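J.: Below you'll find the structure I mean.
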Amino acid sequence: YQRRVHGKQWYQRRVHGKQWYQRRVHGKQWYQRRVHGDPEEFTLTVINSSKGTRTYYVSVRNHECFRQARAAGPQTEPTLEKLRQGRTTGEDGTSTPCTTFILSIRPVHYMDVCYIGCEAAEDVDLQSDIQPLLTHPAPETFDEKHSYPFPLGVGDGPVLCSQGHNGQFTHFSHPSTYHAVDFDAPVGTPVLSVAGGEVVDVVDGIAVTGIHCGNLFLWNSVTVLQDDGVYAEYVHIAPGSAAVKAGDRVEAGQEICKSGQSGFCPVPHLHLEMHLSRAEDAPSLNFALLGRDGPYVPVAGKLYNQAGPVDLGQGASGTQSSPPGGKGKKKKRKKKSINTRG
C-alpha cells in the first residue's frame with residue numbers, strides 16, 4: 001500500500017498506541033524501527049518525496065525479509081511470514097541470498113515494504129536503483145514490416161514467454177524497454193539473428209547474475225544493425241558465447257551466440273528489444289514475430305516455438321496470438337503430442 005506524506009519527508013506516527021520513528025540509512029533508503037519488544041523489528045519504508053512517479057529496485061542481501069500475514073481471526077495477533085529469497089552471484093562466483101523489491105510509488109507518497117530481520121539498521125546490506133517512471137511516446141504505433149522470425153533455435157520447443165510488452169517486472173519502467181520480450185531458455189540455447197545485417201556491438205565478458213539491483217546495468221549482448229535500419233539487441237547471453245564480432249555480416253537465421261543468464265536475471269532467458277537509434281534514451285520499437293499463421297506479439301505466460309504460439313491442447317502450432325493493433329483468429333488444427341520441458 002501507499003500513504004501520502006503530508007508536507008514532511010521526516011515524520012513520526014503512532015501505530016496501535018506505540019511510537020515509531022524513522023532514520024535514513026546509507027543515504028538512500030528509509031527504515032522505521034519499532035522501539036518496543038524483543039527482538040527488535042525493522043521496517044523498510046520507501047519514500048517518494050518528488051513530484052513525479054518513480055520506480056524503485058531495492059535489494060536486501062544476506063538478511064531475511066518478512067511480511068505481516070493476515071490474522072486468523074479478530075482476536076488473533078498477526079504473525080510474520082518469511083519472504084522467499086533468491087540468489088545473486090558476483091564476478092568472483094560467490095553466490096549469496098538476496099531479496100529484491102520492484103516498486104512504483106506515486107508522487108509524495110511512501111510505502112511500507114517489509115520487515116527486515118536484523119540487529120541494527122546499519123548492519124543491513126541494502127542497495128537501490130531509483131528512476132523516474134517514463135512513458136513511451138507512441139506505444140501502439142506498429143508497422144507490419146517490423147515482423148521477424150523466432151530468435152531461438154528451439155525447434156518444436158516450446159519455450160515460455162516470461163515477460164512481454166510493458167512487462168511489470170522490468171519492461172514497464174523505461175521507454176527503451178517497453179516493447180521488449182523475454183523467452184525463458186536453458187543456458188546454451190542457440191540465439192538466431194532475426195534479419196540480415198551488420199554486427200555493431202558485442203559484450204560477452206560479464207559473469208554476474210541473479211536478482212540484485214546492482215546487476216541492472218550489467219549484461220552480455222549482441223547488437224545487430226539490420227538491413228531495414230533497425231537495431232536488434234539480444235541480451236543476457238552466456239559469457240564467451242558470441243560467435244560473431246563487431247563488423248561481421250550476419251544473415252537471418254544465423255546463430256550469433258548462446259542464451260544465458262548474465263546481469264539482472266532471475267532465470268536463464270533471452271531478452272530481445274529493438275530500436276531505430278542507438279541513443280541511450282531511444283524508445284523501443286514495436287515489433288512482431290512471424291509464425292506459421294502470420295505475425296503475432298508474444299504474451300507473458302504463453303508458450304512459443306519456431307512455428308509460433310503453442311497451445312498444449314492443440315499441439316505445436318495451436319491458437320495464434322493477436323498481431324499488434326488487431327485481433328487474432330483462432331484456427332483449429334489436429335492435435336499432436338509434443339515434448340514439454342520441465
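How things are named: the first chain in the C-alpha cells is A, the next is B, and so on; residues count from 1 in each chain; ligands count from 1 in the order shown.
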Using the chain letters and numbers from this document, which residues of range 135-304 of chain A does DSSP assign to strand (DSSP E or B), as a PyMOL selection string?
T.: chain A and resi 147-148+152+159-163+181-184+190-192+197-203+209-210+221-226+231-235+237+249-250+255-260+265+269-275+284+288-291+294-296+303-304
J.: Please, which residues in range 124-183 of chain A fall within 6 Å of range 288-301 of chain A when counting only C-alpha atoms, and what is the closest atom pair and distance in Å to one decimal for each, ordered by chain then residue number, as a Markdown table?
T.:
| residue | atom | partner | partner_atom | distance |
| --- | --- | --- | --- | --- |
| A:Ser147 | CA | A:Ala288 | CA | 4.5 |
| A:Tyr148 | CA | A:Leu289 | CA | 4.7 |
| A:Pro149 | CA | A:Leu290 | CA | 4.9 |
| A:Cys161 | CA | A:Ala300 | CA | 4.9 |
| A:Ser162 | CA | A:Ala300 | CA | 4.9 |
| A:Gln163 | CA | A:Ala300 | CA | 4.7 |
| A:Gly164 | CA | A:Ala300 | CA | 5.2 |
J.: Can you write just those residues out, N, CA, C and O atoms, as a compact mmCIF listing (two decimals), in the first residue's frame?
T.:
# COMPACT_ATOMS: atom_id res chain seq x y z
N SER A 147 8.23 -7.33 -38.64
CA SER A 147 7.85 -8.66 -38.19
C SER A 147 8.98 -9.61 -38.57
O SER A 147 9.44 -9.60 -39.72
N TYR A 148 9.39 -10.43 -37.62
CA TYR A 148 10.62 -11.20 -37.80
C TYR A 148 10.43 -12.64 -37.34
O TYR A 148 9.54 -12.94 -36.53
N PRO A 149 11.31 -13.55 -37.81
CA PRO A 149 11.24 -14.94 -37.36
C PRO A 149 11.66 -15.11 -35.90
O PRO A 149 12.20 -14.18 -35.28
N CYS A 161 7.27 -17.45 -22.78
CA CYS A 161 7.45 -16.00 -22.76
C CYS A 161 7.18 -15.55 -21.33
O CYS A 161 6.05 -15.62 -20.86
N SER A 162 8.24 -15.13 -20.63
CA SER A 162 8.10 -14.78 -19.23
C SER A 162 7.80 -13.30 -19.02
O SER A 162 7.40 -12.90 -17.91
N GLN A 163 8.00 -12.47 -20.04
CA GLN A 163 7.68 -11.04 -19.94
C GLN A 163 7.49 -10.49 -21.35
O GLN A 163 8.28 -10.77 -22.24
N GLY A 164 6.42 -9.73 -21.54
CA GLY A 164 6.13 -9.16 -22.85
C GLY A 164 6.16 -7.65 -22.82
O GLY A 164 6.81 -7.03 -21.98
J.: Neighbours of Lys302 in chain A within 12 Å (only C-alpha atoms; same-chain residues fewer than 6 positions away dropped), as a PyMOL selection string?
T.: chain A and resi 158-164+181-184+308-312+318-321
J.: Tell me which of A:Asp227, A:Glu119, A:Asp129, A:Glu81 sits closest to Ser173 in chain A, counting only C-alpha atoms.
T.: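 The shortest atom-to-atom distance to Ser173 in chain A comes from A:Asp129.
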J.: Would you mind listing what lies within 9 Å of range 54-68 of chain A as a ChimeraX atom specification, with only C-alpha atoms counted and same-chain residues fewer than 2 positions away left out?
T.: /A:29,46,48,50,52,70-71,78-85,87-88,96-107,113-118,124-134,173,211-214
J.: Rounded to one decimal, what separation in Å do you get between CA of Cys265 in chain A and CA of Gly210 in chain A?
T.: 5.0 Å
J.: Name all residues at most 9 Å from range 187-195 of chain A (count only C-alpha atoms; drop same-chain ones fewer than 6 positions away) and give them as a count of residues only.
T.: 31
J.: Which residue gives the smallest distance to Leu276 in chain A among A:His236, A:Lys245, A:His146, A:His165, with only C-alpha atoms counted?
T.: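 Among the listed residues, A:His146 lies closest to Leu276 in chain A.
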